[in-house]
Amino acid sequence: MDKKNVYLDNNATTPMDDRVIEVMTKVMRESYGNPSSVYQVGQKGKKIIEESREMISGLLGLKSREIVFTSGGTESNNMAIRGVARCLKKKGMHLITSAIEHSSVLNTFKDMESLGWEVTYLGVDEKGKVNTEELRRSIKDETVLISIMHSNNEIGTFQPITEIGKIAKEKNIIFHVDGVQSVGKIKIDFENIDLFSFAAHKFYGPKGIGALYVKSGVKIEKLITGGHQERNRRAGTENVPGVCGMAKALEITLENLYVEMEKEKKLRDYMEKKILENIGKVTINGDLSNRLSNTSSISFEKVEAESLLFALDMKGIAVSAGSACASSTLSPSHVLEAIGFSISKAKSTLRISLGRFTQKEEIDYFVEILEMAVGNERNLNII
Ligand SMILES: Cc1ncc(COP(=O)(O)O)c(C=O)c1O
């Protein structure tokens, strides 16, 4: 175990799998041509893109033409929300989402409001779950889009996607799902989902590449204008190594999905048990029986998470206070606020997210250092 590098922030991003780096390096060396060029090295790139698209759609049980490559989760979310809203503007200008979405969704909806759309932000219960009855009540004749995340990046809670999808279908409303945290962590059922965002860097692939699933027949207005790439849905020279890296990363991840899920859940549960037993005055947040198997959100009474973050970092341990975005702004997490936390409780919360490469010895080391850091902080706070 490398004590200088214990990485427990896999929901922020994952380290790349060596097998992905290998295939990408080969593509970067050998298939550098522009896929729109007609000569051989260009067509080599085009072939890689189309084979990767086939592979990704096949692995997820979708049709290849339903996959649009993007620069990642943020762009996919923007493409889905803005694309549908603009396309259906004449039909209606009411959109529905939840209060605990990722900033790439929330800030897009905020922008839509400034442009004249009406947005309903559904609240969540103390476990972070949307209430489907509240959703039903918020639907109007003008509602054209519901956008709800598959699982939450901070507390891991799964939303009732199947039920929401049924409601959307029954009411003839487009349903977008931000699945960025779920792909590679659980099997996805795409029934009744019209649009679905995902990004390779959350499943051991490269950063800066993602995709939006657009169900056949669903129309979106394009965001980025220019050339005719991606069947005229997203302009710009394709990221050939990124696309091929994403396909390889997804293949590796899905091959061992259940084994990895079980392994991470076992380690996560072991870690939580140790923290509960050894540290005390802690609460574990979210829906404990219905959450991502790698994610743990823990509040420590009378301790500032920021101080813990620095103390842990000094010992080579990377965790997060809330989400990556929330931690860089130092403002309390909107997710924890939405599940009813006071500002001080939200500010005493850490997110620990395990991954493919997490080992038991690393968890033991983490808990040992955490126990010391919490003890020190609590002692300081008494004085
Ligand atoms: C739930 C969720 N949606 C969207 C994103 C944004 O994805 P990207 O970083 O690929 O733009 C993230 C990233 O943390 C996320 O956790």
# chains A, B, ... in the order shown; residues from 1 in each chain; ligands from 1
>>> residues_around(residues="Leu8 (chain A)", least_positions_apart="3", cutoff="12 Å", atoms="only C-alpha atoms", output="ChimeraX atom specification")
/A:5,11-15,264,267-268,271,294-297,309,312-313,316-321,350-360,362-363,365-367
>>> closest_atom_pairs(of="chain A", to="ligand 1", cutoff="7 Å", atoms="only C-alpha atoms and all ligand atoms", output="JSON lines")
{"residue": "A:Asn11", "atom": "CA", "partner": "ligand 1", "partner_atom_place_in_ligand_line": "16 (O)", "distance": 6.5}
{"residue": "A:Ala12", "atom": "CA", "partner": "ligand 1", "partner_atom_place_in_ligand_line": "14 (O)", "distance": 5.2}
{"residue": "A:Gly72", "atom": "CA", "partner": "ligand 1", "partner_atom_place_in_ligand_line": "10 (O)", "distance": 3.9}
{"residue": "A:Gly73", "atom": "CA", "partner": "ligand 1", "partner_atom_place_in_ligand_line": "7 (O)", "distance": 3.4}
{"residue": "A:Thr74", "atom": "CA", "partner": "ligand 1", "partner_atom_place_in_ligand_line": "11 (O)", "distance": 3.6}
{"residue": "A:Glu75", "atom": "CA", "partner": "ligand 1", "partner_atom_place_in_ligand_line": "11 (O)", "distance": 6.4}
{"residue": "A:Glu101", "atom": "CA", "partner": "ligand 1", "partner_atom_place_in_ligand_line": "1 (C)", "distance": 6.8}
{"residue": "A:His102", "atom": "CA", "partner": "ligand 1", "partner_atom_place_in_ligand_line": "3 (N)", "distance": 5.0}
{"residue": "A:Ser104", "atom": "CA", "partner": "ligand 1", "partner_atom_place_in_ligand_line": "4 (C)", "distance": 5.9}
{"residue": "A:Met149", "atom": "CA", "partner": "ligand 1", "partner_atom_place_in_ligand_line": "1 (C)", "distance": 6.5}
{"residue": "A:Ser151", "atom": "CA", "partner": "ligand 1", "partner_atom_place_in_ligand_line": "1 (C)", "distance": 7.0}
{"residue": "A:Asn152", "atom": "CA", "partner": "ligand 1", "partner_atom_place_in_ligand_line": "1 (C)", "distance": 5.9}
{"residue": "A:Asn153", "atom": "CA", "partner": "ligand 1", "partner_atom_place_in_ligand_line": "16 (O)", "distance": 4.7}
{"residue": "A:Asp178", "atom": "CA", "partner": "ligand 1", "partner_atom_place_in_ligand_line": "3 (N)", "distance": 5.8}
{"residue": "A:Gly179", "atom": "CA", "partner": "ligand 1", "partner_atom_place_in_ligand_line": "1 (C)", "distance": 6.6}
{"residue": "A:Val180", "atom": "CA", "partner": "ligand 1", "partner_atom_place_in_ligand_line": "2 (C)", "distance": 4.9}
{"residue": "A:Gln181", "atom": "CA", "partner": "ligand 1", "partner_atom_place_in_ligand_line": "1 (C)", "distance": 5.2}
{"residue": "A:Ala199", "atom": "CA", "partner": "ligand 1", "partner_atom_place_in_ligand_line": "10 (O)", "distance": 5.0}
{"residue": "A:His201", "atom": "CA", "partner": "ligand 1", "partner_atom_place_in_ligand_line": "10 (O)", "distance": 6.7}
{"residue": "A:Lys207", "atom": "CA", "partner": "ligand 1", "partner_atom_place_in_ligand_line": "10 (O)", "distance": 6.9}
{"residue": "A:Gly208", "atom": "CA", "partner": "ligand 1", "partner_atom_place_in_ligand_line": "10 (O)", "distance": 6.5}
{"residue": "A:Gly210", "atom": "CA", "partner": "ligand 1", "partner_atom_place_in_ligand_line": "10 (O)", "distance": 6.6}
{"residue": "A:Ala324", "atom": "CA", "partner": "ligand 1", "partner_atom_place_in_ligand_line": "14 (O)", "distance": 6.8}
>>> select_by_dssp(residues="region 271-315 of chain A", states="helix (DSSP H, G or I)", output="list in words")
Met271, Glu272, Lys273, Lys274, Ile275, Leu276, Glu277, Asn278, Ala305, Glu306, Ser307, Leu308, Leu309, Phe310, Ala311, Leu312, Asp313 and Met314 of chain A
>>> residues_around(residues="region 215-230 of chain A", least_positions_apart="2", cutoff="6 Å", atoms="only C-alpha atoms", output="count of residues only")
9
>>> closest_residue(among="A:Ile173, A:Ile209, A:Ile49, A:Val282", to="Glu371 (chain A)", atoms="only C-alpha atoms")
A:Val282
>>> residues_around(residues="Thr108 (chain A)", least_positions_apart="5", cutoff="9 Å", atoms="only C-alpha atoms", output="ChimeraX atom specification")
/A:77-78,81-82,103,113
>>> residues_around(residues="Gly116 (chain A)", least_positions_apart="6", cutoff="12 Å", atoms="only C-alpha atoms", output="short mmCIF file (atom, residue, chain, number, x, y, z; two decimals) with N, CA and C atoms, in the first residue's frame")
data_model
loop_
_atom_site.label_atom_id
_atom_site.label_comp_id
_atom_site.auth_asym_id
_atom_site.auth_seq_id
_atom_site.Cartn_x
_atom_site.Cartn_y
_atom_site.Cartn_z
N ALA A 85 -35.91 21.40 -24.53
CA ALA A 85 -36.70 22.60 -24.22
C ALA A 85 -36.87 23.47 -25.47
N ARG A 86 -35.78 23.67 -26.20
CA ARG A 86 -35.86 24.51 -27.40
C ARG A 86 -36.72 23.86 -28.47
N LYS A 89 -40.52 24.11 -27.51
CA LYS A 89 -40.93 25.42 -26.98
C LYS A 89 -42.39 25.74 -27.32
N GLY A 92 -44.84 23.66 -25.03
CA GLY A 92 -44.95 24.10 -23.63
C GLY A 92 -43.61 24.53 -23.09
N MET A 93 -43.65 25.34 -22.04
CA MET A 93 -42.38 25.86 -21.51
C MET A 93 -42.24 25.58 -20.01
N HIS A 94 -42.78 24.42 -19.59
CA HIS A 94 -42.62 24.04 -18.18
C HIS A 94 -41.72 22.79 -18.08
N LEU A 95 -40.75 22.87 -17.19
CA LEU A 95 -39.77 21.79 -17.03
C LEU A 95 -39.72 21.37 -15.56
N PHE A 109 -30.89 24.54 -15.73
CA PHE A 109 -32.30 24.93 -15.50
C PHE A 109 -32.42 26.38 -15.05
N LYS A 110 -31.48 26.82 -14.22
CA LYS A 110 -31.51 28.23 -13.78
C LYS A 110 -31.42 29.14 -15.00
#
>>> select_by_dssp(residues="region 125-338 of chain A", states="strand (DSSP E or B)", output="PyMOL selection string")
chain A and resi 130+143-149+151+157-158+174-178+195-199+210-214+282-285+291+295-300+317-318+320
>>> write_last_selection(atoms="N, CA and C atoms", output="CSV table (one decimal), in the first residue's frame")
chain,number,residue,atom,x,y,z
A,130,VAL,N,-36.9,11.5,-4.4
A,130,VAL,CA,-38.0,12.3,-4.9
A,130,VAL,C,-39.3,11.6,-4.6
A,143,THR,N,-46.0,21.0,-19.5
A,143,THR,CA,-44.8,20.3,-19.1
A,143,THR,C,-44.2,19.5,-20.3
A,144,VAL,N,-43.0,19.7,-20.6
A,144,VAL,CA,-42.4,19.0,-21.8
A,144,VAL,C,-41.2,18.1,-21.4
A,145,LEU,N,-40.6,18.4,-20.2
A,145,LEU,CA,-39.4,17.6,-19.8
A,145,LEU,C,-39.4,17.4,-18.3
A,146,ILE,N,-39.0,16.1,-18.0
A,146,ILE,CA,-38.7,15.8,-16.6
A,146,ILE,C,-37.2,15.3,-16.6
A,147,SER,N,-36.4,15.9,-15.8
A,147,SER,CA,-35.0,15.5,-15.7
A,147,SER,C,-34.6,15.2,-14.3
A,148,ILE,N,-34.3,13.9,-14.0
A,148,ILE,CA,-34.0,13.4,-12.7
A,148,ILE,C,-32.8,12.5,-12.8
A,149,MET,N,-31.9,12.7,-11.8
A,149,MET,CA,-30.6,11.9,-11.8
A,149,MET,C,-30.9,10.4,-11.4
A,151,SER,N,-28.6,8.3,-9.8
A,151,SER,CA,-28.1,8.2,-8.4
A,151,SER,C,-27.4,9.5,-8.1
A,157,THR,N,-27.9,8.0,-3.1
A,157,THR,CA,-29.3,7.5,-3.2
A,157,THR,C,-29.8,7.3,-4.6
A,158,PHE,N,-30.5,6.2,-4.9
A,158,PHE,CA,-31.1,6.0,-6.2
A,158,PHE,C,-32.5,6.6,-6.2
A,174,ILE,N,-41.1,14.1,-22.2
A,174,ILE,CA,-39.8,13.5,-22.4
A,174,ILE,C,-39.1,13.4,-21.0
A,175,PHE,N,-38.4,12.2,-20.9
A,175,PHE,CA,-37.7,11.9,-19.6
A,175,PHE,C,-36.2,11.8,-19.8
A,176,HIS,N,-35.5,12.8,-19.2
A,176,HIS,CA,-34.0,12.7,-19.2
A,176,HIS,C,-33.5,12.2,-17.9
A,177,VAL,N,-32.5,11.4,-17.9
A,177,VAL,CA,-31.8,10.9,-16.7
A,177,VAL,C,-30.3,11.2,-16.8
A,178,ASP,N,-29.9,11.9,-15.7
A,178,ASP,CA,-28.4,12.1,-15.5
A,178,ASP,C,-27.9,10.8,-14.9
A,195,LEU,N,-33.7,10.1,-22.7
A,195,LEU,CA,-32.4,10.6,-22.8
A,195,LEU,C,-31.6,10.3,-21.6
A,196,PHE,N,-30.3,9.9,-21.8
A,196,PHE,CA,-29.5,9.4,-20.6
A,196,PHE,C,-28.1,9.9,-20.8
A,197,SER,N,-27.5,10.6,-19.8
A,197,SER,CA,-26.2,11.2,-19.9
A,197,SER,C,-25.2,10.3,-19.1
A,198,PHE,N,-24.0,10.1,-19.7
A,198,PHE,CA,-22.9,9.4,-19.0
A,198,PHE,C,-21.5,9.9,-19.4
A,199,ALA,N,-20.5,9.6,-18.6
A,199,ALA,CA,-19.2,10.2,-18.9
A,199,ALA,C,-18.1,9.1,-18.5
A,210,GLY,N,-17.8,11.8,-23.2
A,210,GLY,CA,-19.1,11.2,-22.6
A,210,GLY,C,-20.1,11.0,-23.8
A,211,ALA,N,-21.3,10.7,-23.4
A,211,ALA,CA,-22.3,10.4,-24.4
A,211,ALA,C,-23.7,10.8,-23.9
A,212,LEU,N,-24.5,11.1,-24.9
A,212,LEU,CA,-25.9,11.2,-24.5
A,212,LEU,C,-26.7,10.1,-25.3
A,213,TYR,N,-27.5,9.3,-24.6
A,213,TYR,CA,-28.4,8.4,-25.3
A,213,TYR,C,-29.6,9.2,-25.7
A,214,VAL,N,-29.9,9.1,-27.0
A,214,VAL,CA,-31.2,9.8,-27.4
A,214,VAL,C,-32.0,8.7,-28.1
A,282,VAL,N,-21.3,9.9,15.1
A,282,VAL,CA,-21.3,10.1,13.6
A,282,VAL,C,-22.6,9.5,13.1
A,283,THR,N,-23.1,10.1,11.9
A,283,THR,CA,-24.3,9.6,11.3
A,283,THR,C,-23.9,9.3,9.8
A,284,ILE,N,-24.5,8.2,9.3
A,284,ILE,CA,-24.3,7.9,7.9
A,284,ILE,C,-25.6,8.3,7.2
A,285,ASN,N,-25.4,9.0,6.1
A,285,ASN,CA,-26.5,9.7,5.4
A,285,ASN,C,-26.9,9.0,4.2
A,291,ARG,N,-28.7,2.6,-2.2
A,291,ARG,CA,-27.7,3.6,-2.6
A,291,ARG,C,-26.5,3.0,-3.4
A,295,THR,N,-20.4,4.3,-2.2
A,295,THR,CA,-20.5,5.7,-1.7
A,295,THR,C,-20.9,5.7,-0.2
A,296,SER,N,-20.2,6.6,0.5
A,296,SER,CA,-20.6,6.8,1.9
A,296,SER,C,-20.5,8.2,2.3
A,297,SER,N,-21.6,8.8,2.8
A,297,SER,CA,-21.7,10.2,3.2
A,297,SER,C,-21.8,10.1,4.8
A,298,ILE,N,-20.8,10.7,5.4
A,298,ILE,CA,-20.8,10.6,6.9
A,298,ILE,C,-20.6,11.9,7.6
A,299,SER,N,-21.5,12.2,8.6
A,299,SER,CA,-21.4,13.5,9.3
A,299,SER,C,-20.7,13.2,10.7
A,300,PHE,N,-19.8,14.1,11.1
A,300,PHE,CA,-19.1,13.9,12.3
A,300,PHE,C,-19.5,15.1,13.2
A,317,ILE,N,-4.3,11.0,2.0
A,317,ILE,CA,-5.7,10.5,1.8
A,317,ILE,C,-6.6,11.5,1.1
A,318,ALA,N,-7.2,11.1,0.0
A,318,ALA,CA,-8.1,12.0,-0.7
A,318,ALA,C,-9.5,11.6,-0.5
A,320,SER,N,-13.7,13.7,0.0
A,320,SER,CA,-14.3,15.0,-0.4
A,320,SER,C,-15.3,15.5,0.7
>>> residues_around(residues="Gly205 (chain A)", least_positions_apart="2", cutoff="9 Å", atoms="only C-alpha atoms", output="list in words")
Thr14, Pro15, Met16, Asp17, Val20, Ile21, Ala199, Ala200, His201, Lys202, Phe203, Lys207, Ile209, Gly242, Gly245, Met246, Ala247, Lys248, Ala249 and Leu250 of chain A
>>> closest_residue(among="A:Val124, A:Val243, A:Ile167, A:Ile193", to="Ile48 (chain A)", atoms="only C-alpha atoms")
A:Val243
>>> atom_distance(atom1="CA of Leu122 (chain A)", atom2="CA of Thr97 (chain A)")
6.1 Å
